[in-house]
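Asks: Hey, dropping protein28.cif in here, mmCIF, C-alpha atoms; chains and numbers go by the auth columns:
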```cif
data_run
loop_
_atom_site.group_PDB
_atom_site.id
_atom_site.type_symbol
_atom_site.label_atom_id
_atom_site.label_comp_id
_atom_site.label_asym_id
_atom_site.label_seq_id
_atom_site.Cartn_x
_atom_site.Cartn_y
_atom_site.Cartn_z
_atom_site.B_iso_or_equiv
_atom_site.auth_seq_id
_atom_site.auth_asym_id
ATOM 1 C CA ILE A 1 -12.694 16.435 44.721 0.00 1 J
ATOM 2 C CA ASN A 2 -14.277 14.602 47.640 0.00 2 J
ATOM 3 C CA SER A 3 -11.167 14.170 49.769 0.00 3 J
ATOM 4 C CA GLY A 4 -7.387 14.199 49.597 0.00 4 J
ATOM 5 C CA THR A 5 -4.399 16.446 50.108 0.00 5 J
ATOM 6 C CA ILE A 6 -2.507 18.949 48.011 0.00 6 J
ATOM 7 C CA ASP A 7 0.938 19.859 49.317 0.00 7 J
ATOM 8 C CA GLY A 8 -0.080 18.385 52.670 0.00 8 J
ATOM 9 C CA THR A 9 -3.286 20.406 52.907 0.00 9 J
ATOM 10 C CA VAL A 10 -6.427 18.380 53.514 0.00 10 J
ATOM 11 C CA ILE A 11 -9.192 19.243 51.083 0.00 11 J
ATOM 12 C CA GLY A 12 -12.795 18.097 50.825 0.00 12 J
ATOM 13 C CA GLY A 13 -16.358 19.047 50.243 0.00 13 J
ATOM 14 C CA SER A 14 -18.450 19.417 47.142 0.00 14 J
ATOM 15 C CA THR A 15 -17.929 23.110 46.377 0.00 15 J
ATOM 16 C CA PRO A 16 -15.976 23.538 43.105 0.00 16 J
ATOM 17 C CA ALA A 17 -12.648 25.230 43.599 0.00 17 J
ATOM 18 C CA ALA A 18 -9.446 25.820 41.672 0.00 18 J
ATOM 19 C CA ILE A 19 -6.414 24.167 43.222 0.00 19 J
ATOM 20 C CA SER A 20 -2.719 24.283 42.500 0.00 20 J
ATOM 21 C CA GLY A 21 0.272 22.478 43.847 0.00 21 J
ATOM 22 C CA THR A 22 3.322 20.451 42.991 0.00 22 J
ATOM 23 C CA THR A 23 2.420 17.153 44.650 0.00 23 J
ATOM 24 C CA GLY A 24 -0.751 15.557 45.931 0.00 24 J
ATOM 25 C CA SER A 25 -2.675 12.394 46.654 0.00 25 J
ATOM 26 C CA PHE A 26 -6.359 11.511 46.551 0.00 26 J
ATOM 27 C CA SER A 27 -8.265 8.980 48.577 0.00 27 J
ATOM 28 C CA GLY A 28 -11.452 9.301 46.505 0.00 28 J
ATOM 29 C CA ASN A 29 -12.542 9.847 42.936 0.00 29 J
ATOM 30 C CA VAL A 30 -11.687 12.790 40.711 0.00 30 J
ATOM 31 C CA SER A 31 -14.868 13.694 38.838 0.00 31 J
ATOM 32 C CA LEU A 32 -15.002 16.006 35.828 0.00 32 J
ATOM 33 C CA GLY A 33 -18.228 16.970 34.085 0.00 33 J
ATOM 34 C CA ASP A 34 -18.927 16.650 30.379 0.00 34 J
ATOM 35 C CA ASN A 35 -16.568 18.639 28.164 0.00 35 J
ATOM 36 C CA TYR A 36 -14.122 19.282 30.998 0.00 36 J
ATOM 37 C CA GLU A 37 -10.603 18.140 30.241 0.00 37 J
ATOM 38 C CA LEU A 38 -7.840 16.493 32.223 0.00 38 J
ATOM 39 C CA ARG A 39 -4.731 18.127 30.774 0.00 39 J
ATOM 40 C CA PHE A 40 -1.101 17.019 30.961 0.00 40 J
ATOM 41 C CA GLY A 41 2.047 18.801 29.842 0.00 41 J
ATOM 42 C CA ASP A 42 3.121 22.448 29.779 0.00 42 J
ATOM 43 C CA SER A 43 1.131 23.063 26.583 0.00 43 J
ATOM 44 C CA SER A 44 -1.827 20.736 27.251 0.00 44 J
ATOM 45 C CA ASP A 45 0.049 18.104 25.276 0.00 45 J
ATOM 46 C CA LEU A 46 -2.192 15.215 26.390 0.00 46 J
ATOM 47 C CA ILE A 47 -5.903 15.643 26.998 0.00 47 J
ATOM 48 C CA ILE A 48 -8.530 13.243 28.356 0.00 48 J
ATOM 49 C CA GLU A 49 -12.204 14.207 28.309 0.00 49 J
ATOM 50 C CA HIS A 50 -15.782 13.045 27.812 0.00 50 J
ATOM 51 C CA ASN A 51 -17.830 15.267 25.537 0.00 51 J
ATOM 52 C CA ALA A 52 -21.259 13.954 26.671 0.00 52 J
ATOM 53 C CA SER A 53 -21.245 11.436 23.798 0.00 53 J
ATOM 54 C CA ASN A 54 -17.792 9.913 23.546 0.00 54 J
ATOM 55 C CA GLY A 55 -14.639 9.477 25.576 0.00 55 J
ATOM 56 C CA ASP A 56 -11.569 11.055 23.997 0.00 56 J
ATOM 57 C CA ILE A 57 -7.820 10.710 24.586 0.00 57 J
ATOM 58 C CA ARG A 58 -5.843 13.193 22.496 0.00 58 J
ATOM 59 C CA ASN A 59 -2.091 13.501 22.248 0.00 59 J
ATOM 60 C CA ASN A 60 -0.911 16.725 20.637 0.00 60 J
ATOM 61 C CA THR A 61 2.866 16.367 20.909 0.00 61 J
ATOM 62 C CA ASN A 62 5.094 13.537 19.648 0.00 62 J
ATOM 63 C CA ASP A 63 4.024 9.882 20.038 0.00 63 J
ATOM 64 C CA LEU A 64 1.345 8.348 22.245 0.00 64 J
ATOM 65 C CA LEU A 65 2.626 5.296 24.122 0.00 65 J
ATOM 66 C CA VAL A 66 0.456 2.657 25.778 0.00 66 J
ATOM 67 C CA ARG A 67 2.749 0.483 27.887 0.00 67 J
ATOM 68 C CA ASN A 68 2.480 -2.384 30.316 0.00 68 J
ATOM 69 C CA LEU A 69 5.674 -2.867 32.329 0.00 69 J
ATOM 70 C CA ALA A 70 4.437 -5.924 34.249 0.00 70 J
ATOM 71 C CA ASP A 71 6.498 -8.985 33.305 0.00 71 J
ATOM 72 C CA ASP A 72 4.790 -11.382 30.828 0.00 72 J
ATOM 73 C CA LYS A 73 1.530 -9.425 30.942 0.00 73 J
ATOM 74 C CA ASP A 74 -0.448 -7.959 28.036 0.00 74 J
ATOM 75 C CA VAL A 75 -1.942 -4.788 26.641 0.00 75 J
ATOM 76 C CA ILE A 76 -5.556 -5.483 25.668 0.00 76 J
ATOM 77 C CA ILE A 77 -8.040 -3.335 23.751 0.00 77 J
ATOM 78 C CA GLN A 78 -11.638 -4.379 24.309 0.00 78 J
ATOM 79 C CA SER A 79 -14.977 -3.152 23.008 0.00 79 J
ATOM 80 C CA ASP A 80 -18.635 -4.203 22.868 0.00 80 J
ATOM 81 C CA ASP A 81 -19.186 -7.847 21.888 0.00 81 J
ATOM 82 C CA GLY A 82 -22.590 -7.250 20.293 0.00 82 J
ATOM 83 C CA SER A 83 -24.384 -9.019 23.151 0.00 83 J
ATOM 84 C CA GLY A 84 -24.129 -6.589 26.029 0.00 84 J
ATOM 85 C CA GLY A 85 -20.634 -7.590 27.145 0.00 85 J
ATOM 86 C CA THR A 86 -17.088 -6.891 25.998 0.00 86 J
ATOM 87 C CA ALA A 87 -14.553 -8.867 23.982 0.00 87 J
ATOM 88 C CA ASP A 88 -10.914 -8.561 22.936 0.00 88 J
ATOM 89 C CA TYR A 89 -10.207 -6.728 19.687 0.00 89 J
ATOM 90 C CA PHE A 90 -6.424 -6.380 20.031 0.00 90 J
ATOM 91 C CA ARG A 91 -3.830 -7.900 22.329 0.00 91 J
ATOM 92 C CA ALA A 92 -0.095 -7.299 22.654 0.00 92 J
ATOM 93 C CA ASP A 93 0.983 -10.547 24.335 0.00 93 J
ATOM 94 C CA GLY A 94 3.958 -9.866 26.611 0.00 94 J
ATOM 95 C CA SER A 95 4.566 -13.573 27.264 0.00 95 J
ATOM 96 C CA THR A 96 4.806 -14.684 23.596 0.00 96 J
ATOM 97 C CA GLY A 97 5.714 -11.502 21.690 0.00 97 J
ATOM 98 C CA GLU A 98 2.612 -11.849 19.513 0.00 98 J
ATOM 99 C CA ALA A 99 0.359 -9.052 18.310 0.00 99 J
ATOM 100 C CA LYS A 100 -3.134 -10.546 18.045 0.00 100 J
ATOM 101 C CA ILE A 101 -6.213 -9.229 16.236 0.00 101 J
ATOM 102 C CA TYR A 102 -9.694 -10.545 17.039 0.00 102 J
ATOM 103 C CA TYR A 103 -13.223 -10.487 15.649 0.00 103 J
ATOM 104 C CA TYR A 104 -15.667 -10.346 18.553 0.00 104 J
ATOM 105 C CA GLY A 105 -13.054 -12.101 20.703 0.00 105 J
ATOM 106 C CA ALA A 106 -12.174 -14.813 18.133 0.00 106 J
ATOM 107 C CA GLU A 107 -8.515 -14.603 17.149 0.00 107 J
ATOM 108 C CA LYS A 108 -8.083 -13.985 13.403 0.00 108 J
ATOM 109 C CA LEU A 109 -4.464 -12.880 12.983 0.00 109 J
ATOM 110 C CA ASN A 110 -1.326 -13.119 15.076 0.00 110 J
ATOM 111 C CA THR A 111 2.291 -12.292 14.422 0.00 111 J
ATOM 112 C CA SER A 112 5.099 -14.773 14.980 0.00 112 J
ATOM 113 C CA SER A 113 8.876 -14.861 14.723 0.00 113 J
ATOM 114 C CA THR A 114 8.529 -16.002 11.096 0.00 114 J
ATOM 115 C CA GLY A 115 5.646 -13.803 9.900 0.00 115 J
ATOM 116 C CA VAL A 116 1.888 -13.891 10.509 0.00 116 J
ATOM 117 C CA ASP A 117 -0.701 -16.625 10.998 0.00 117 J
ATOM 118 C CA VAL A 118 -4.261 -16.077 9.735 0.00 118 J
ATOM 119 C CA THR A 119 -7.326 -17.951 10.949 0.00 119 J
ATOM 120 C CA GLY A 120 -10.035 -17.774 8.283 0.00 120 J
ATOM 121 C CA HIS A 121 -10.043 -16.094 4.876 0.00 121 J
ATOM 122 C CA VAL A 122 -8.055 -13.212 3.421 0.00 122 J
ATOM 123 C CA SER A 123 -10.453 -11.242 1.202 0.00 123 J
ATOM 124 C CA LEU A 124 -9.322 -8.839 -1.530 0.00 124 J
ATOM 125 C CA GLY A 125 -11.644 -6.825 -3.750 0.00 125 J
ATOM 126 C CA ASP A 126 -11.746 -6.757 -7.538 0.00 126 J
ATOM 127 C CA ASN A 127 -8.440 -5.600 -9.064 0.00 127 J
ATOM 128 C CA ASP A 128 -6.703 -5.748 -5.670 0.00 128 J
ATOM 129 C CA GLU A 129 -3.518 -7.805 -5.875 0.00 129 J
ATOM 130 C CA LEU A 130 -1.685 -10.165 -3.564 0.00 130 J
ATOM 131 C CA ARG A 131 1.929 -9.255 -4.338 0.00 131 J
ATOM 132 C CA LEU A 132 4.948 -11.400 -3.503 0.00 132 J
ATOM 133 C CA GLY A 133 8.645 -10.627 -3.837 0.00 133 J
ATOM 134 C CA ASP A 134 10.746 -7.519 -3.208 0.00 134 J
ATOM 135 C CA SER A 135 9.772 -6.086 -6.612 0.00 135 J
ATOM 136 C CA ASP A 136 6.208 -7.439 -6.877 0.00 136 J
ATOM 137 C CA ASP A 137 7.659 -10.440 -8.721 0.00 137 J
ATOM 138 C CA LEU A 138 4.503 -12.557 -8.421 0.00 138 J
ATOM 139 C CA PHE A 139 0.951 -11.335 -8.045 0.00 139 J
ATOM 140 C CA ILE A 140 -2.486 -12.917 -7.841 0.00 140 J
ATOM 141 C CA LYS A 141 -5.675 -11.005 -8.547 0.00 141 J
ATOM 142 C CA PHE A 142 -9.257 -11.084 -9.793 0.00 142 J
ATOM 143 C CA ASN A 143 -10.157 -8.236 -12.148 0.00 143 J
ATOM 144 C CA GLY A 144 -13.919 -8.526 -11.844 0.00 144 J
ATOM 145 C CA THR A 145 -14.114 -11.010 -14.718 0.00 145 J
ATOM 146 C CA ASN A 146 -11.113 -13.340 -14.616 0.00 146 J
ATOM 147 C CA GLY A 147 -8.566 -14.582 -12.094 0.00 147 J
ATOM 148 C CA SER A 148 -4.859 -14.467 -12.903 0.00 148 J
ATOM 149 C CA VAL A 149 -1.535 -15.613 -11.468 0.00 149 J
ATOM 150 C CA THR A 150 1.353 -13.667 -12.989 0.00 150 J
ATOM 151 C CA ALA A 151 5.089 -14.160 -12.531 0.00 151 J
ATOM 152 C CA ALA A 152 7.084 -11.078 -13.523 0.00 152 J
ATOM 153 C CA THR A 153 10.499 -12.519 -12.657 0.00 153 J
ATOM 154 C CA GLY A 154 11.965 -15.965 -13.363 0.00 154 J
ATOM 155 C CA ASN A 155 9.925 -19.134 -13.897 0.00 155 J
ATOM 156 C CA LEU A 156 6.513 -19.982 -12.444 0.00 156 J
ATOM 157 C CA TYR A 157 6.381 -23.332 -10.636 0.00 157 J
ATOM 158 C CA LEU A 158 3.326 -25.249 -9.482 0.00 158 J
ATOM 159 C CA THR A 159 4.749 -27.826 -7.075 0.00 159 J
ATOM 160 C CA ASN A 160 3.360 -30.602 -4.896 0.00 160 J
ATOM 161 C CA THR A 161 5.957 -32.038 -2.501 0.00 161 J
ATOM 162 C CA ALA A 162 3.585 -34.561 -0.867 0.00 162 J
ATOM 163 C CA ASN A 163 4.874 -38.088 -1.496 0.00 163 J
ATOM 164 C CA ASP A 164 3.090 -39.923 -4.360 0.00 164 J
ATOM 165 C CA LYS A 165 0.492 -37.165 -4.728 0.00 165 J
ATOM 166 C CA ASP A 166 -0.497 -35.285 -7.875 0.00 166 J
ATOM 167 C CA VAL A 167 -0.925 -31.851 -9.427 0.00 167 J
ATOM 168 C CA PHE A 168 -4.266 -31.332 -11.184 0.00 168 J
ATOM 169 C CA ILE A 169 -5.514 -28.617 -13.487 0.00 169 J
ATOM 170 C CA GLN A 170 -9.301 -28.604 -13.528 0.00 170 J
ATOM 171 C CA SER A 171 -11.944 -26.563 -15.318 0.00 171 J
ATOM 172 C CA ASP A 172 -15.669 -26.593 -16.129 0.00 172 J
ATOM 173 C CA ASP A 173 -17.020 -29.972 -17.263 0.00 173 J
ATOM 174 C CA GLY A 174 -19.760 -28.513 -19.464 0.00 174 J
ATOM 175 C CA SER A 175 -22.471 -29.551 -17.003 0.00 175 J
ATOM 176 C CA GLY A 176 -22.021 -27.144 -14.109 0.00 176 J
ATOM 177 C CA GLY A 177 -19.222 -29.041 -12.371 0.00 177 J
ATOM 178 C CA VAL A 178 -15.456 -29.333 -12.744 0.00 178 J
ATOM 179 C CA THR A 179 -13.225 -32.079 -14.059 0.00 179 J
ATOM 180 C CA ASN A 180 -9.575 -32.880 -14.793 0.00 180 J
ATOM 181 C CA TYR A 181 -7.848 -31.487 -17.873 0.00 181 J
ATOM 182 C CA PHE A 182 -4.248 -32.193 -16.822 0.00 182 J
ATOM 183 C CA ALA A 183 -2.646 -34.327 -14.113 0.00 183 J
ATOM 184 C CA ALA A 184 0.970 -34.744 -13.090 0.00 184 J
ATOM 185 C CA ASP A 185 0.839 -38.163 -11.386 0.00 185 J
ATOM 186 C CA GLY A 186 3.413 -38.259 -8.593 0.00 186 J
ATOM 187 C CA SER A 187 2.918 -41.992 -7.995 0.00 187 J
ATOM 188 C CA THR A 188 3.530 -43.132 -11.617 0.00 188 J
ATOM 189 C CA GLY A 189 5.553 -40.314 -13.177 0.00 189 J
ATOM 190 C CA GLU A 190 2.921 -39.830 -15.872 0.00 190 J
ATOM 191 C CA ALA A 191 1.765 -36.561 -17.389 0.00 191 J
ATOM 192 C CA GLN A 192 -1.888 -37.123 -18.275 0.00 192 J
ATOM 193 C CA LEU A 193 -4.139 -35.160 -20.629 0.00 193 J
ATOM 194 C CA PHE A 194 -7.934 -35.426 -20.411 0.00 194 J
ATOM 195 C CA HIS A 195 -10.997 -34.472 -22.429 0.00 195 J
ATOM 196 C CA TYR A 196 -13.783 -33.566 -20.021 0.00 196 J
ATOM 197 C CA GLY A 197 -12.182 -35.866 -17.432 0.00 197 J
ATOM 198 C CA SER A 198 -11.612 -38.788 -19.824 0.00 198 J
ATOM 199 C CA GLU A 199 -7.910 -39.599 -20.151 0.00 199 J
ATOM 200 C CA LYS A 200 -6.714 -39.338 -23.755 0.00 200 J
ATOM 201 C CA LEU A 201 -2.914 -39.240 -23.499 0.00 201 J
ATOM 202 C CA ASN A 202 -0.351 -40.187 -20.902 0.00 202 J
ATOM 203 C CA THR A 203 3.412 -40.315 -20.897 0.00 203 J
ATOM 204 C CA THR A 204 5.332 -43.463 -19.926 0.00 204 J
ATOM 205 C CA SER A 205 8.964 -44.404 -19.422 0.00 205 J
ATOM 206 C CA THR A 206 9.067 -45.517 -23.079 0.00 206 J
ATOM 207 C CA GLY A 207 6.975 -42.805 -24.750 0.00 207 J
ATOM 208 C CA VAL A 208 3.261 -41.954 -24.801 0.00 208 J
ATOM 209 C CA ASN A 209 -0.012 -43.815 -24.893 0.00 209 J
ATOM 210 C CA VAL A 210 -2.995 -42.421 -26.790 0.00 210 J
ATOM 211 C CA ALA A 211 -6.555 -43.491 -26.028 0.00 211 J
ATOM 212 C CA GLY A 212 -8.721 -42.943 -29.104 0.00 212 J
ATOM 213 C CA ALA A 213 -7.995 -41.461 -32.511 0.00 213 J
ATOM 214 C CA LEU A 214 -4.894 -39.405 -33.302 0.00 214 J
ATOM 215 C CA THR A 215 -5.824 -36.651 -35.728 0.00 215 J
ATOM 216 C CA LEU A 216 -3.238 -34.675 -37.700 0.00 216 J
ATOM 217 C CA ALA A 217 -4.402 -31.439 -39.261 0.00 217 J
ATOM 218 C CA ALA A 218 -1.968 -29.979 -41.800 0.00 218 J
ATOM 219 C CA ALA A 219 -1.621 -29.398 -45.548 0.00 219 J
ATOM 220 C CA ASP A 220 0.610 -32.450 -45.853 0.00 220 J
ATOM 221 C CA PRO A 221 0.344 -34.381 -42.578 0.00 221 J
ATOM 222 C CA PHE A 222 2.771 -37.142 -41.689 0.00 222 J
ATOM 223 C CA ILE A 223 4.186 -38.988 -38.727 0.00 223 J
ATOM 224 C CA LYS A 224 7.973 -39.335 -38.461 0.00 224 J
ATOM 225 C CA LEU A 225 9.262 -42.417 -36.684 0.00 225 J
ATOM 226 C CA THR A 226 12.950 -42.519 -35.745 0.00 226 J
ATOM 227 C CA ASP A 227 14.821 -45.747 -35.091 0.00 227 J
ATOM 228 C CA THR A 228 17.046 -44.726 -32.193 0.00 228 J
ATOM 229 C CA SER A 229 19.376 -47.681 -32.780 0.00 229 J
ATOM 230 C CA THR A 230 20.141 -46.718 -36.376 0.00 230 J
ATOM 231 C CA GLY A 231 19.057 -43.111 -36.541 0.00 231 J
ATOM 232 C CA VAL A 232 16.928 -43.861 -39.590 0.00 232 J
ATOM 233 C CA ASP A 233 13.655 -41.909 -39.939 0.00 233 J
ATOM 234 C CA HIS A 234 10.480 -43.439 -41.287 0.00 234 J
ATOM 235 C CA GLU A 235 7.549 -41.326 -42.375 0.00 235 J
ATOM 236 C CA ILE A 236 3.937 -42.394 -42.502 0.00 236 J
#
```
Could you rewrite the structure in this file as structure tokens?

Replies:
Amino acid sequence: INSGTIDGTVIGGSTPAAISGTTGSFSGNVSLGDNYELRFGDSSDLIIEHNASNGDIRNNTNDLLVRNLADDKDVIIQSDDGSGGTADYFRADGSTGEAKIYYYGAEKLNTSSTGVDVTGHVSLGDNDELRLGDSDDLFIKFNGTNGSVTAATGNLYLTNTANDKDVFIQSDDGSGGVTNYFAADGSTGEAQLFHYGSEKLNTTSTGVNVAGALTLAAADPFIKLTDTSTGVDHEI
């Protein structure tokens, strides 16, 4: 200890010495060599040291609290930014209530009053599942070969609420691209079926329209036509 007082006694000099007291103040630095510990608590409950390679803060009893009591201020954890400086890795924002997580100082996730906001992608490995619902009622996963969306409770809805917009189901077009196989047209009310992107059937307010041949495959194929005004059926 370079200078200061313990119980009112002025101390100084560079000769190591053991000191004891109940109160004290320092006007200079407190320097401890490698592997020497700053210990707190009756049973060395909290220890701070540098072991010649790493700094270490160890709490041996109950919880370890890191608190900032300054109004609207933050708790920030920083580390190397990969370019010789430092960047934020975590921030507890006292002015907004958000917990923020960063990648080299770029915010990637923050909490809000309604949940979390993510900037970028959420990546899950093969066979890892994104589970929704109190009882894992809906889950999405990729098993290493195929992707799947599974509803374990109730119905499964695919909904587009944008005005006059559509829902499309697309798949491989046989030539390395993708194309429409089904469309729910929000501007016309039509359900449309495609063959490699070429529309072959669509519903209308009066029935269906078929583009191309209608093939019936059965031992005794027929088409039944019902006259809704009389209820009489006609078979072809």

Asks: As JSON, numbers by chain, please: the residues near range 150-157 of chain J (cut-off 12 Å, all atoms listed in the file, same-chain neighbours under 3 positions excluded).

Replies: {"J": [129, 130, 131, 132, 133, 134, 135, 136, 137, 138, 139, 140, 141, 142, 147, 160, 161, 167]}

Asks: With distances taken over only C-alpha atoms, which residue among J:Gly144, J:Gly197, J:Gly105, J:Gly125 lies nearest Thr179 in chain J?

Replies: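 Using only C-alpha atoms, the shortest distance to Thr179 in chain J belongs to J:Gly197.
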
Asks: Once the PyMOL selection byres ((chain J and resi 75) around 12) is applied to the coordinates I shared, what remains selected? I want it as a PyMOL selection string.

Replies: chain J and resi 65-74+76-78+88-95+97-100

Asks: Report, in Å to a single decimal, how far apart CA of Ala184 in chain J and CA of Phe168 in chain J are.

Replies: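 Distance reported for this atom pair: 6.5 Å.
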
Asks: Build an axis-aligned box that encloses every atom of range 97-103 of chain J listed in the file, pad it by 4 Å on each side, and report its centre and edge lengths in Å to one decimal, as AutoDock Vina command-line options.

Replies:
```
--center_x -3.8 --center_y -10.5 --center_z 18.7 --size_x 26.9 --size_y 10.8 --size_z 14.0
```

Asks: List every protein, DNA or RNA residue that has an atom no more than 12 Å from (-3.7, -39.9, -28.9) in the file's coordinate frame, counting only C-alpha atoms, and report them as a ChimeraX atom specification.

Replies: /J:192-195,199-203,207-216

Asks: Name the residues captured by the PyMOL selection byres ((chain J and resi 45-48) around 9) when it is applied to the shown file; answer as a ChimeraX atom specification.

Replies: /J:36-44,49-50,55-62,64

Asks: Quick one: range 193-201 of chain J with all heavy atoms, as a CSV table (one decimal), in the coordinates of the input?

Replies:
```csv
chain,number,residue,atom,x,y,z
J,193,LEU,N,-3.2,-36.1,-20.0
J,193,LEU,CA,-4.1,-35.2,-20.6
J,193,LEU,C,-5.5,-35.8,-20.7
J,193,LEU,O,-5.7,-36.9,-21.1
J,193,LEU,CB,-3.6,-34.8,-22.0
J,193,LEU,CG,-2.3,-34.0,-22.1
J,193,LEU,CD1,-1.9,-33.7,-23.5
J,193,LEU,CD2,-2.3,-32.7,-21.3
J,194,PHE,N,-6.6,-35.0,-20.5
J,194,PHE,CA,-7.9,-35.4,-20.4
J,194,PHE,C,-8.8,-34.6,-21.3
J,194,PHE,O,-8.5,-33.5,-21.7
J,194,PHE,CB,-8.5,-35.3,-19.0
J,194,PHE,CG,-7.7,-36.1,-18.0
J,194,PHE,CD1,-6.6,-35.6,-17.4
J,194,PHE,CD2,-8.2,-37.3,-17.5
J,194,PHE,CE1,-5.9,-36.3,-16.4
J,194,PHE,CE2,-7.5,-38.0,-16.5
J,194,PHE,CZ,-6.4,-37.5,-16.0
J,195,HIS,N,-9.9,-35.2,-21.8
J,195,HIS,CA,-11.0,-34.5,-22.4
J,195,HIS,C,-12.2,-34.6,-21.6
J,195,HIS,O,-12.8,-35.7,-21.5
J,195,HIS,CB,-11.2,-35.0,-23.8
J,195,HIS,CG,-12.4,-34.3,-24.6
J,195,HIS,ND1,-12.2,-33.1,-25.2
J,195,HIS,CD2,-13.7,-34.7,-24.7
J,195,HIS,CE1,-13.3,-32.7,-25.7
J,195,HIS,NE2,-14.3,-33.6,-25.5
J,196,TYR,N,-12.7,-33.5,-20.9
J,196,TYR,CA,-13.8,-33.6,-20.0
J,196,TYR,C,-13.6,-34.7,-19.0
J,196,TYR,O,-14.6,-35.5,-18.7
J,196,TYR,CB,-15.1,-33.7,-20.8
J,196,TYR,CG,-15.7,-32.4,-21.3
J,196,TYR,CD1,-16.5,-32.4,-22.4
J,196,TYR,CD2,-15.4,-31.2,-20.7
J,196,TYR,CE1,-17.0,-31.2,-22.9
J,196,TYR,CE2,-15.9,-30.0,-21.1
J,196,TYR,CZ,-16.7,-30.0,-22.3
J,196,TYR,OH,-17.3,-28.8,-22.8
J,197,GLY,N,-12.4,-34.9,-18.5
J,197,GLY,CA,-12.2,-35.9,-17.4
J,197,GLY,C,-11.9,-37.2,-17.9
J,197,GLY,O,-11.5,-38.1,-17.1
J,198,SER,N,-11.9,-37.5,-19.2
J,198,SER,CA,-11.6,-38.8,-19.8
J,198,SER,C,-10.2,-38.8,-20.3
J,198,SER,O,-9.8,-37.9,-21.2
J,198,SER,CB,-12.6,-39.1,-21.0
J,198,SER,OG,-12.2,-40.3,-21.6
J,199,GLU,N,-9.3,-39.6,-19.8
J,199,GLU,CA,-7.9,-39.6,-20.2
J,199,GLU,C,-7.7,-40.0,-21.6
J,199,GLU,O,-8.2,-41.0,-22.1
J,199,GLU,CB,-7.1,-40.6,-19.3
J,199,GLU,CG,-5.6,-40.5,-19.5
J,199,GLU,CD,-4.8,-41.4,-18.5
J,199,GLU,OE1,-5.4,-41.6,-17.4
J,199,GLU,OE2,-3.8,-41.9,-18.9
J,200,LYS,N,-7.0,-39.1,-22.3
J,200,LYS,CA,-6.7,-39.3,-23.8
J,200,LYS,C,-5.2,-39.6,-24.1
J,200,LYS,O,-4.9,-40.2,-25.1
J,200,LYS,CB,-7.2,-38.1,-24.6
J,200,LYS,CG,-8.7,-37.9,-24.4
J,200,LYS,CD,-9.5,-39.1,-24.9
J,200,LYS,CE,-11.0,-39.0,-24.8
J,200,LYS,NZ,-11.8,-40.2,-25.2
J,201,LEU,N,-4.4,-39.1,-23.3
J,201,LEU,CA,-2.9,-39.2,-23.5
J,201,LEU,C,-2.2,-39.3,-22.2
J,201,LEU,O,-2.5,-38.5,-21.3
J,201,LEU,CB,-2.4,-38.1,-24.4
J,201,LEU,CG,-0.9,-38.2,-24.8
J,201,LEU,CD1,-0.7,-37.6,-26.2
J,201,LEU,CD2,0.0,-37.5,-23.8
```
